[in-house]
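Below is the file data.cif, which contains mmCIF, C-alpha atoms.
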```cif
data_entry
#
loop_
_atom_site.group_PDB
_atom_site.id
_atom_site.type_symbol
_atom_site.label_atom_id
_atom_site.label_comp_id
_atom_site.auth_asym_id
_atom_site.auth_seq_id
_atom_site.Cartn_x
_atom_site.Cartn_y
_atom_site.Cartn_z
ATOM 1 C CA MET A 1 0.000 0.000 0.000
ATOM 2 C CA ALA A 2 2.880 2.333 0.827
ATOM 3 C CA GLN A 3 4.421 1.566 -2.541
ATOM 4 C CA LYS A 4 1.285 2.680 -4.356
ATOM 5 C CA TYR A 5 1.073 5.844 -2.273
ATOM 6 C CA TYR A 6 4.692 6.696 -3.120
ATOM 7 C CA TYR A 7 4.267 6.280 -6.878
ATOM 8 C CA CYS A 8 0.741 7.667 -7.235
ATOM 9 C CA VAL A 9 0.665 10.482 -4.685
ATOM 10 C CA ILE A 10 4.292 11.528 -4.191
ATOM 11 C CA LEU A 11 5.657 10.973 -7.696
ATOM 12 C CA GLU A 12 2.301 11.338 -9.501
ATOM 13 C CA GLN A 13 3.277 8.572 -11.925
ATOM 14 C CA CYS A 14 0.157 6.399 -11.910
ATOM 15 C CA GLY A 15 -1.310 8.065 -14.964
ATOM 16 C CA PRO A 16 -4.925 7.855 -16.134
ATOM 17 C CA PRO A 17 -7.168 5.033 -14.948
ATOM 18 C CA PRO A 18 -7.056 1.860 -17.067
ATOM 19 C CA PRO A 19 -9.764 1.310 -19.696
ATOM 20 C CA PRO A 20 -12.870 -0.655 -18.628
ATOM 21 C CA VAL A 21 -13.274 -4.340 -19.323
ATOM 22 C CA ASP A 22 -14.943 -5.279 -22.590
ATOM 23 C CA SER A 23 -18.541 -5.923 -21.499
ATOM 24 C CA SER A 24 -19.010 -8.561 -24.217
ATOM 25 C CA GLN A 25 -16.909 -10.905 -22.063
ATOM 26 C CA LEU A 26 -19.344 -10.836 -19.142
ATOM 27 C CA ALA A 27 -21.677 -13.515 -20.487
ATOM 28 C CA HIS A 28 -18.780 -15.980 -20.557
ATOM 29 C CA ILE A 29 -17.504 -15.467 -16.991
ATOM 30 C CA PRO A 30 -17.685 -18.761 -15.049
ATOM 31 C CA ASN A 31 -19.465 -18.835 -11.677
ATOM 32 C CA ASP A 32 -16.905 -20.954 -9.862
ATOM 33 C CA LEU A 33 -15.251 -18.478 -7.498
ATOM 34 C CA THR A 34 -15.114 -19.810 -3.925
ATOM 35 C CA VAL A 35 -13.895 -17.942 -0.847
ATOM 36 C CA SER A 36 -12.716 -20.266 1.913
ATOM 37 C CA ALA A 37 -11.605 -19.854 5.502
ATOM 38 C CA GLU A 38 -9.493 -22.479 7.220
ATOM 39 C CA GLY A 39 -10.413 -24.988 4.520
ATOM 40 C CA PHE A 40 -14.183 -24.458 4.696
ATOM 41 C CA PRO A 41 -16.065 -22.637 1.901
ATOM 42 C CA LEU A 42 -17.876 -19.520 3.107
ATOM 43 C CA TRP A 43 -19.056 -18.225 -0.276
ATOM 44 C CA GLU A 44 -19.452 -20.414 -3.349
ATOM 45 C CA ASN A 45 -20.530 -20.128 -6.994
ATOM 46 C CA TYR A 46 -19.659 -16.457 -7.488
ATOM 47 C CA PRO A 47 -18.491 -15.085 -10.858
ATOM 48 C CA GLU A 48 -14.746 -14.936 -11.369
ATOM 49 C CA PHE A 49 -13.140 -11.497 -11.620
ATOM 50 C CA GLU A 50 -12.370 -10.852 -15.298
ATOM 51 C CA PHE A 51 -9.749 -8.504 -16.749
ATOM 52 C CA ASP A 52 -9.028 -7.314 -20.260
ATOM 53 C CA TYR A 53 -5.610 -8.147 -21.693
ATOM 54 C CA GLY A 54 -3.003 -6.220 -19.701
ATOM 55 C CA SER A 55 -5.647 -4.404 -17.652
ATOM 56 C CA THR A 56 -5.522 -3.938 -13.891
ATOM 57 C CA ALA A 57 -9.211 -3.091 -13.338
ATOM 58 C CA PRO A 58 -12.155 -5.518 -13.511
ATOM 59 C CA LEU A 59 -15.683 -4.497 -14.419
ATOM 60 C CA TYR A 60 -17.525 -5.395 -11.219
ATOM 61 C CA LEU A 61 -20.714 -7.422 -11.432
ATOM 62 C CA PRO A 62 -23.486 -6.943 -8.818
ATOM 63 C CA LYS A 63 -22.811 -10.330 -7.226
ATOM 64 C CA GLN A 64 -19.106 -9.514 -6.922
ATOM 65 C CA LEU A 65 -19.893 -6.206 -5.204
ATOM 66 C CA ALA A 66 -22.222 -7.986 -2.785
ATOM 67 C CA LEU A 67 -19.441 -10.476 -2.069
ATOM 68 C CA LEU A 68 -16.879 -7.733 -1.362
ATOM 69 C CA GLU A 69 -19.289 -5.977 0.990
ATOM 70 C CA GLU A 70 -20.074 -9.148 2.910
ATOM 71 C CA MET A 71 -16.391 -10.076 3.188
ATOM 72 C CA ALA A 72 -15.594 -6.610 4.518
ATOM 73 C CA LEU A 73 -18.344 -6.880 7.145
ATOM 74 C CA LEU A 74 -17.088 -10.277 8.230
ATOM 75 C CA LEU A 75 -13.457 -9.164 8.439
ATOM 76 C CA LYS A 76 -14.291 -5.996 10.367
ATOM 77 C CA SER A 77 -16.156 -8.136 12.898
ATOM 78 C CA GLN A 78 -12.999 -10.228 13.351
ATOM 79 C CA PRO A 79 -9.953 -7.922 13.490
ATOM 80 C CA GLN A 80 -7.570 -10.861 13.885
ATOM 81 C CA ALA A 81 -8.503 -12.206 10.434
ATOM 82 C CA LYS A 82 -6.922 -11.202 7.127
ATOM 83 C CA LEU A 83 -7.971 -11.401 3.499
ATOM 84 C CA LYS A 84 -5.363 -12.856 1.148
ATOM 85 C CA ILE A 85 -5.800 -11.681 -2.444
ATOM 86 C CA ILE A 86 -3.718 -13.372 -5.138
ATOM 87 C CA GLY A 87 -3.818 -11.642 -8.504
ATOM 88 C CA ARG A 88 -3.095 -13.782 -11.575
ATOM 89 C CA TYR A 89 -1.931 -12.980 -15.091
ATOM 90 C CA LYS A 90 -1.088 -14.880 -18.250
ATOM 91 C CA LYS A 91 2.580 -15.151 -19.122
ATOM 92 C CA GLU A 92 2.002 -13.663 -22.574
ATOM 93 C CA GLU A 93 0.291 -10.532 -21.208
ATOM 94 C CA THR A 94 2.265 -7.332 -21.603
ATOM 95 C CA LEU A 95 2.786 -5.553 -18.313
ATOM 96 C CA PRO A 96 1.713 -1.913 -18.540
ATOM 97 C CA GLU A 97 4.009 0.682 -16.993
ATOM 98 C CA GLN A 98 1.562 1.079 -14.148
ATOM 99 C CA ALA A 99 1.787 -2.634 -13.268
ATOM 100 C CA LYS A 100 5.603 -2.733 -13.350
ATOM 101 C CA ARG A 101 5.726 -0.414 -10.359
ATOM 102 C CA TYR A 102 4.096 -3.098 -8.211
ATOM 103 C CA GLY A 103 6.244 -6.006 -9.274
ATOM 104 C CA ASN A 104 3.912 -7.764 -11.696
ATOM 105 C CA LEU A 105 0.480 -7.548 -13.265
ATOM 106 C CA GLY A 106 -0.961 -10.000 -10.735
ATOM 107 C CA ARG A 107 -0.070 -7.810 -7.764
ATOM 108 C CA ALA A 108 -1.502 -4.776 -9.544
ATOM 109 C CA ARG A 109 -4.783 -6.616 -10.101
ATOM 110 C CA ALA A 110 -4.912 -7.778 -6.486
ATOM 111 C CA LEU A 111 -4.225 -4.200 -5.410
ATOM 112 C CA SER A 112 -7.185 -2.928 -7.435
ATOM 113 C CA ILE A 113 -9.475 -5.207 -5.390
ATOM 114 C CA ALA A 114 -7.773 -4.147 -2.154
ATOM 115 C CA ASP A 115 -8.195 -0.466 -3.036
ATOM 116 C CA LYS A 116 -11.931 -0.924 -3.511
ATOM 117 C CA LEU A 117 -12.299 -2.763 -0.208
ATOM 118 C CA MET A 118 -10.460 0.013 1.629
ATOM 119 C CA ALA A 119 -12.042 2.986 -0.149
ATOM 120 C CA GLU A 120 -15.672 1.882 -0.442
ATOM 121 C CA TYR A 121 -16.090 -0.640 2.384
ATOM 122 C CA GLN A 122 -13.600 0.885 4.882
ATOM 123 C CA LEU A 123 -11.698 -2.365 5.376
ATOM 124 C CA PRO A 124 -8.437 -1.594 7.258
ATOM 125 C CA SER A 125 -5.311 -2.037 5.143
ATOM 126 C CA GLN A 126 -3.675 -4.214 7.819
ATOM 127 C CA GLN A 127 -6.317 -6.856 7.159
ATOM 128 C CA ILE A 128 -5.390 -7.248 3.491
ATOM 129 C CA TYR A 129 -2.471 -9.289 2.167
ATOM 130 C CA ILE A 130 -1.775 -9.211 -1.580
ATOM 131 C CA LEU A 131 0.313 -11.440 -3.840
ATOM 132 C CA GLY A 132 0.815 -11.817 -7.592
ATOM 133 C CA ASP A 133 1.419 -14.937 -9.653
ATOM 134 C CA THR A 134 0.964 -16.377 -13.133
ATOM 135 C CA MET A 135 -2.230 -18.074 -14.288
ATOM 136 C CA PRO A 136 -2.637 -21.799 -13.478
ATOM 137 C CA LEU A 137 -2.701 -23.917 -16.618
ATOM 138 C CA ASP A 138 -5.936 -25.692 -15.647
ATOM 139 C CA LYS A 139 -8.110 -22.549 -15.562
ATOM 140 C CA LYS A 140 -8.758 -20.004 -18.293
ATOM 141 C CA ALA A 141 -10.322 -17.180 -16.276
ATOM 142 C CA PHE A 142 -8.833 -17.395 -12.821
ATOM 143 C CA TYR A 143 -7.503 -13.901 -12.243
ATOM 144 C CA ILE A 144 -8.289 -13.378 -8.558
ATOM 145 C CA ASP A 145 -8.003 -15.868 -5.696
ATOM 146 C CA LEU A 146 -9.529 -14.892 -2.327
ATOM 147 C CA GLU A 147 -8.988 -16.587 1.028
ATOM 148 C CA ILE A 148 -9.689 -15.536 4.604
ATOM 149 C CA ILE A 149 -6.925 -16.370 7.074
ATOM 150 C CA GLY A 150 -7.311 -16.528 10.838
ATOM 151 C CA TYR A 151 -11.098 -16.576 10.728
ATOM 152 C CA LEU A 152 -12.977 -17.901 13.756
ATOM 153 C CA PRO A 153 -16.617 -18.989 13.219
ATOM 154 C CA SER A 154 -17.458 -17.147 16.423
ATOM 155 C CA GLY A 155 -15.314 -15.404 18.994
ATOM 156 C CA PRO A 156 -15.285 -16.220 22.722
ATOM 157 C CA GLU A 157 -17.804 -13.518 23.590
ATOM 158 C CA GLN A 158 -20.190 -14.649 20.863
ATOM 159 C CA GLU A 159 -19.855 -18.255 22.021
ATOM 160 C CA LYS A 160 -20.782 -17.219 25.565
ATOM 161 C CA LYS A 161 -23.840 -15.341 24.317
ATOM 162 C CA GLU A 162 -24.963 -18.296 22.195
ATOM 163 C CA ALA A 163 -24.423 -20.714 25.076
ATOM 164 C CA GLU A 164 -26.483 -18.579 27.447
ATOM 165 C CA ARG A 165 -29.232 -18.105 24.841
ATOM 166 C CA PHE A 166 -29.370 -21.856 24.361
ATOM 167 C CA ARG A 167 -29.395 -22.570 28.113
ATOM 168 C CA GLN A 168 -32.206 -20.117 28.755
ATOM 169 C CA ALA A 169 -34.205 -21.615 25.896
ATOM 170 C CA TYR A 170 -34.333 -25.118 27.308
ATOM 171 C CA LEU A 171 -34.714 -23.923 30.895
ATOM 172 C CA GLN A 172 -37.847 -22.043 29.875
ATOM 173 C CA ASP A 173 -39.344 -24.822 27.778
ATOM 174 C CA ILE A 174 -37.767 -28.268 27.467
ATOM 175 C CA LYS A 175 -40.514 -29.209 25.009
ATOM 176 C CA ARG A 176 -39.394 -26.969 22.163
ATOM 177 C CA LEU A 177 -35.884 -25.997 21.144
ATOM 178 C CA THR A 178 -34.297 -24.685 17.953
ATOM 179 C CA TYR A 179 -30.676 -25.437 17.177
ATOM 180 C CA ASP A 180 -29.414 -23.370 14.228
ATOM 181 C CA GLY A 181 -26.449 -23.472 11.902
ATOM 182 C CA ARG A 182 -24.425 -20.915 13.850
ATOM 183 C CA MET A 183 -24.003 -23.459 16.631
ATOM 184 C CA ALA A 184 -24.587 -26.786 14.911
ATOM 185 C CA PHE A 185 -22.614 -26.160 11.699
ATOM 186 C CA PHE A 186 -25.292 -27.280 9.276
ATOM 187 C CA ARG A 187 -23.318 -26.357 6.168
ATOM 188 C CA SER A 188 -24.341 -26.937 2.559
ATOM 189 C CA PRO A 189 -23.577 -28.791 0.377
ATOM 190 C CA ASP A 190 -21.736 -31.485 2.381
ATOM 191 C CA GLN A 191 -24.326 -31.316 5.212
ATOM 192 C CA ARG A 192 -21.541 -31.405 7.804
ATOM 193 C CA PHE A 193 -23.035 -31.778 11.267
ATOM 194 C CA LYS A 194 -21.195 -30.868 14.444
ATOM 195 C CA LEU A 195 -22.841 -29.900 17.713
ATOM 196 C CA ALA A 196 -21.302 -27.729 20.421
ATOM 197 C CA PRO A 197 -20.754 -30.425 23.114
ATOM 198 C CA PRO A 198 -20.563 -28.291 26.305
ATOM 199 C CA VAL A 199 -23.791 -26.475 25.493
ATOM 200 C CA PHE A 200 -25.692 -29.382 24.051
ATOM 201 C CA GLY A 201 -24.544 -31.616 26.902
ATOM 202 C CA ASP A 202 -26.498 -29.480 29.357
ATOM 203 C CA TYR A 203 -29.589 -29.846 27.206
ATOM 204 C CA LEU A 204 -29.145 -33.627 27.010
ATOM 205 C CA ASP A 205 -29.054 -33.857 30.809
ATOM 206 C CA SER A 206 -32.280 -31.873 31.091
ATOM 207 C CA LEU A 207 -33.929 -33.874 28.312
ATOM 208 C CA GLN A 208 -32.994 -37.210 29.871
ATOM 209 C CA ASN A 209 -34.351 -36.077 33.241
ATOM 210 C CA TYR A 210 -37.602 -35.025 31.592
ATOM 211 C CA LEU A 211 -37.968 -38.319 29.725
ATOM 212 C CA ALA A 212 -37.326 -40.287 32.889
ATOM 213 C CA GLN A 213 -40.262 -38.512 34.533
ATOM 214 C CA ASN A 214 -42.436 -38.725 31.395
ATOM 215 C CA PRO A 215 -41.968 -42.228 29.949
ATOM 216 C CA ASN A 216 -44.720 -41.743 27.346
ATOM 217 C CA ALA A 217 -42.974 -38.801 25.701
ATOM 218 C CA GLN A 218 -41.521 -38.905 22.215
ATOM 219 C CA LEU A 219 -39.375 -36.527 20.162
ATOM 220 C CA ILE A 220 -40.137 -34.890 16.832
ATOM 221 C CA ILE A 221 -37.131 -33.422 15.008
ATOM 222 C CA ILE A 222 -37.948 -31.044 12.153
ATOM 223 C CA GLY A 223 -35.208 -30.081 9.696
ATOM 224 C CA HIS A 224 -35.059 -26.743 7.859
ATOM 225 C CA THR A 225 -32.565 -25.495 5.282
ATOM 226 C CA ASP A 226 -31.747 -22.213 3.543
ATOM 227 C CA SER A 227 -32.760 -20.963 0.099
ATOM 228 C CA LYS A 228 -29.735 -22.236 -1.811
ATOM 229 C CA LEU A 229 -31.410 -25.486 -2.888
ATOM 230 C CA GLN A 230 -34.914 -25.869 -4.252
ATOM 231 C CA GLY A 231 -37.483 -28.619 -4.643
ATOM 232 C CA GLN A 232 -36.521 -32.183 -3.804
ATOM 233 C CA ALA A 233 -32.891 -31.266 -3.115
ATOM 234 C CA ALA A 234 -33.914 -28.792 -0.380
ATOM 235 C CA GLN A 235 -36.386 -31.326 1.044
ATOM 236 C CA GLU A 236 -33.663 -33.966 1.283
ATOM 237 C CA GLU A 237 -31.071 -31.647 2.802
ATOM 238 C CA ALA A 238 -33.444 -30.475 5.550
ATOM 239 C CA LEU A 239 -34.361 -34.084 6.293
ATOM 240 C CA SER A 240 -30.679 -34.980 6.525
ATOM 241 C CA PHE A 241 -30.232 -32.403 9.291
ATOM 242 C CA ALA A 242 -33.085 -34.019 11.232
ATOM 243 C CA LEU A 243 -31.732 -37.538 10.669
ATOM 244 C CA GLN A 244 -28.227 -36.575 11.782
ATOM 245 C CA THR A 245 -29.617 -34.949 14.925
ATOM 246 C CA LYS A 246 -31.653 -38.087 15.647
ATOM 247 C CA ALA A 247 -28.542 -40.264 15.242
ATOM 248 C CA TYR A 248 -26.617 -37.988 17.597
ATOM 249 C CA LEU A 249 -29.322 -38.131 20.292
ATOM 250 C CA GLU A 250 -29.588 -41.916 20.035
ATOM 251 C CA HIS A 251 -25.813 -42.219 20.292
ATOM 252 C CA LYS A 252 -25.967 -40.159 23.489
ATOM 253 C CA GLY A 253 -28.498 -42.484 25.087
ATOM 254 C CA ILE A 254 -31.885 -40.987 24.225
ATOM 255 C CA ASN A 255 -34.033 -44.101 23.677
ATOM 256 C CA CYS A 256 -37.566 -42.736 23.332
ATOM 257 C CA PRO A 257 -39.361 -42.844 19.957
ATOM 258 C CA ILE A 258 -37.986 -40.165 17.608
ATOM 259 C CA GLN A 259 -39.787 -38.968 14.481
ATOM 260 C CA THR A 260 -38.082 -36.904 11.784
ATOM 261 C CA GLN A 261 -39.650 -34.417 9.402
ATOM 262 C CA SER A 262 -38.493 -31.990 6.731
ATOM 263 C CA ARG A 263 -39.873 -28.519 6.147
ATOM 264 C CA SER A 264 -37.410 -27.874 3.311
ATOM 265 C CA ASN A 265 -36.919 -24.088 3.013
ATOM 266 C CA GLN A 266 -40.581 -23.227 3.360
ATOM 267 C CA GLU A 267 -40.204 -21.607 6.800
ATOM 268 C CA LEU A 268 -37.206 -19.282 6.484
ATOM 269 C CA LEU A 269 -36.363 -17.250 9.572
ATOM 270 C CA GLN A 270 -34.398 -14.752 7.471
ATOM 271 C CA ILE A 271 -34.467 -13.787 3.784
ATOM 272 C CA ASP A 272 -30.989 -15.015 2.870
ATOM 273 C CA THR A 273 -31.014 -14.222 -0.870
ATOM 274 C CA LEU A 274 -30.414 -10.616 -1.895
ATOM 275 C CA ALA A 275 -31.952 -8.898 -4.907
ATOM 276 C CA ASP A 276 -28.846 -9.552 -7.025
ATOM 277 C CA GLY A 277 -28.971 -13.286 -6.306
ATOM 278 C CA SER A 278 -26.121 -13.355 -3.774
ATOM 279 C CA ARG A 279 -26.589 -15.012 -0.398
ATOM 280 C CA ALA A 280 -26.154 -13.544 3.087
ATOM 281 C CA LEU A 281 -23.900 -15.892 5.034
ATOM 282 C CA TYR A 282 -25.170 -15.376 8.565
ATOM 283 C CA LYS A 283 -28.840 -15.277 7.608
ATOM 284 C CA ALA A 284 -28.456 -18.538 5.712
ATOM 285 C CA ALA A 285 -26.870 -20.109 8.800
ATOM 286 C CA GLN A 286 -29.932 -19.214 10.863
ATOM 287 C CA ASN A 287 -32.172 -20.901 8.308
ATOM 288 C CA ARG A 288 -30.206 -24.184 8.461
ATOM 289 C CA ARG A 289 -31.626 -25.525 11.685
ATOM 290 C CA VAL A 290 -33.521 -28.256 13.498
ATOM 291 C CA GLU A 291 -36.437 -27.943 15.865
ATOM 292 C CA ILE A 292 -36.526 -30.522 18.654
ATOM 293 C CA LEU A 293 -40.076 -30.963 19.969
ATOM 294 C CA VAL A 294 -41.132 -33.110 22.933
ATOM 295 C CA GLU A 295 -44.610 -34.552 22.598
ATOM 296 C CA GLU A 296 -46.410 -36.520 25.304
ATOM 297 C CA VAL A 297 -48.372 -39.515 24.007
ATOM 298 C CA PRO A 298 -51.538 -40.433 25.965
#
```
Could you render the structure from this file as structure tokens?
Amino acid sequence: MAQKYYYCVILEQCGPPPPPVDSSQLAHIPNDLTVSAEGFPLWENYPEFEFDYGSTAPLYLPKQLALLEEMALLLKSQPQAKLKIIGRYKKEETLPEQAKRYGNLGRARALSIADKLMAEYQLPSQQIYILGDTMPLDKKAFYIDLEIIGYLPSGPEQEKKEAERFRQAYLQDIKRLTYDGRMAFFRSPDQRFKLAPPVFGDYLDSLQNYLAQNPNAQLIIIGHTDSKLQGQAAQEEALSFALQTKAYLEHKGINCPIQTQSRSNQELLQIDTLADGSRALYKAAQNRRVEILVEEVP
């Protein structure tokens, strides 16, 4: 960042802004950009950033702008995390004078993304790490690679708040409890299921005590998912959340009858799809959930 300031502000050598990307290319941009954190995908199926030959500036699509905004919000909520941006370029591309000042065309492209994040979304410069490299041979339009480093799904304070919210929920009503994706890690598309043992262990103790006093009770577990999938696929994913929760409870010693149901994505708690088609990460996590209901049978 200091290098750009020196050349552009002190020496005034940056010159005019680069020409815009040829808009005729936009229809051919693949939607296979994934942003991961610690090996887990946070955002998937976004359009790749496209650049004209030798250019350092992409023409931003609405979904890409929504992605940058959401990444900035996430990073600002976790100051310890950083965004790594790797800019790519083809070996045959001619490096413009502007790009040579930053080492290579890849770094200049990564810096154009970083500039936008800092200027328009107020992301601190210390949370951005840029690199430049040549284009991998197996991809034709892979100019920008994004990865979040040092990301924690929830910080200690957030975990305490979630734990207390959960504890109060089952203390008030053991018969109805909702466990959402922020705590259970219901993550599409691999349907990974992982409960928070210290918190859920308290609930299991209370549930087992209740069942011991009410031997005719049974459980109904209702699965819900977010708006990413539709139709039969959404129905099956929501049911898988319920089935995995049932298996977990049975493994922990709950031996009453357990029914499972799927509500697909018909009962969203939050609208997790924005007008441009992008998805809001945290709202989607709230929609991926199970309801655990206790029903007494006469």
When the PyMOL selection byres ((chain A and resi 258) around 8) is applied to the file above, which residues end up in the set, as a list in words? Gln218, Leu219, Ile220, Ile221, Lys246, Cys256, Pro257, Gln259 and Thr260 of chain A
When distances are computed from all atoms listed in the file, which of A:Lys228, A:Lys116, A:Arg109, A:Lys175 shows the smallest separation from Ala285 in chain A?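 Looking at the shortest contact to Ala285 in chain A, the residue is A:Lys228.
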Residue with smallest distance to Asp272 in chain A - pool A:Leu105, A:Leu229, A:Leu117, A:Leu243, counting all atoms listed in the file: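 The answer is A:Leu229, which sits nearest to Asp272 in chain A.
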Return as a ChimeraX atom specification the set of residues that the PyMOL selection byres ((chain A and resi 124-129) around 12) yields on the displayed structure. /A:1-2,71-87,107,110-123,130-132,145-151
For Gln232 in chain A, find every residue with an atom within 12 Å (counting all atoms listed in the file), except residues of its own chain fewer than 5 positions away, and show them as an MDAnalysis selection string. chainID A and resid 225 237:239 262:265
Which residues, named as in the file, does the PyMOL selection byres ((chain A and resi 28-38) around 7) pick out? Answer as an NGL selection string. :A and (25-27 or 39-48 or 146-149 or 151)
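Atom pair CA of Gln64 in chain A / CA of Arg289 in chain A: separated by 27.6 Å.
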From the list A:Thr56, A:Gln244, A:Ser227, A:Thr178, which residue is nearest Tyr203 in chain A when using all atoms listed in the file? A:Thr178
So how many Å separate CA of Tyr179 in chain A and CA of Glu291 in chain A, to one decimal?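 Computed distance, CA of Tyr179 in chain A to CA of Glu291 in chain A, equals 6.4 Å.
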Selected residue of minimal separation from Gln235 in chain A among A:Ala169, A:Ile222, A:Ala66, A:Ala57, counting all atoms listed in the file: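 When distances to Gln235 in chain A are compared using all atoms listed in the file, the smallest one comes from A:Ile222.
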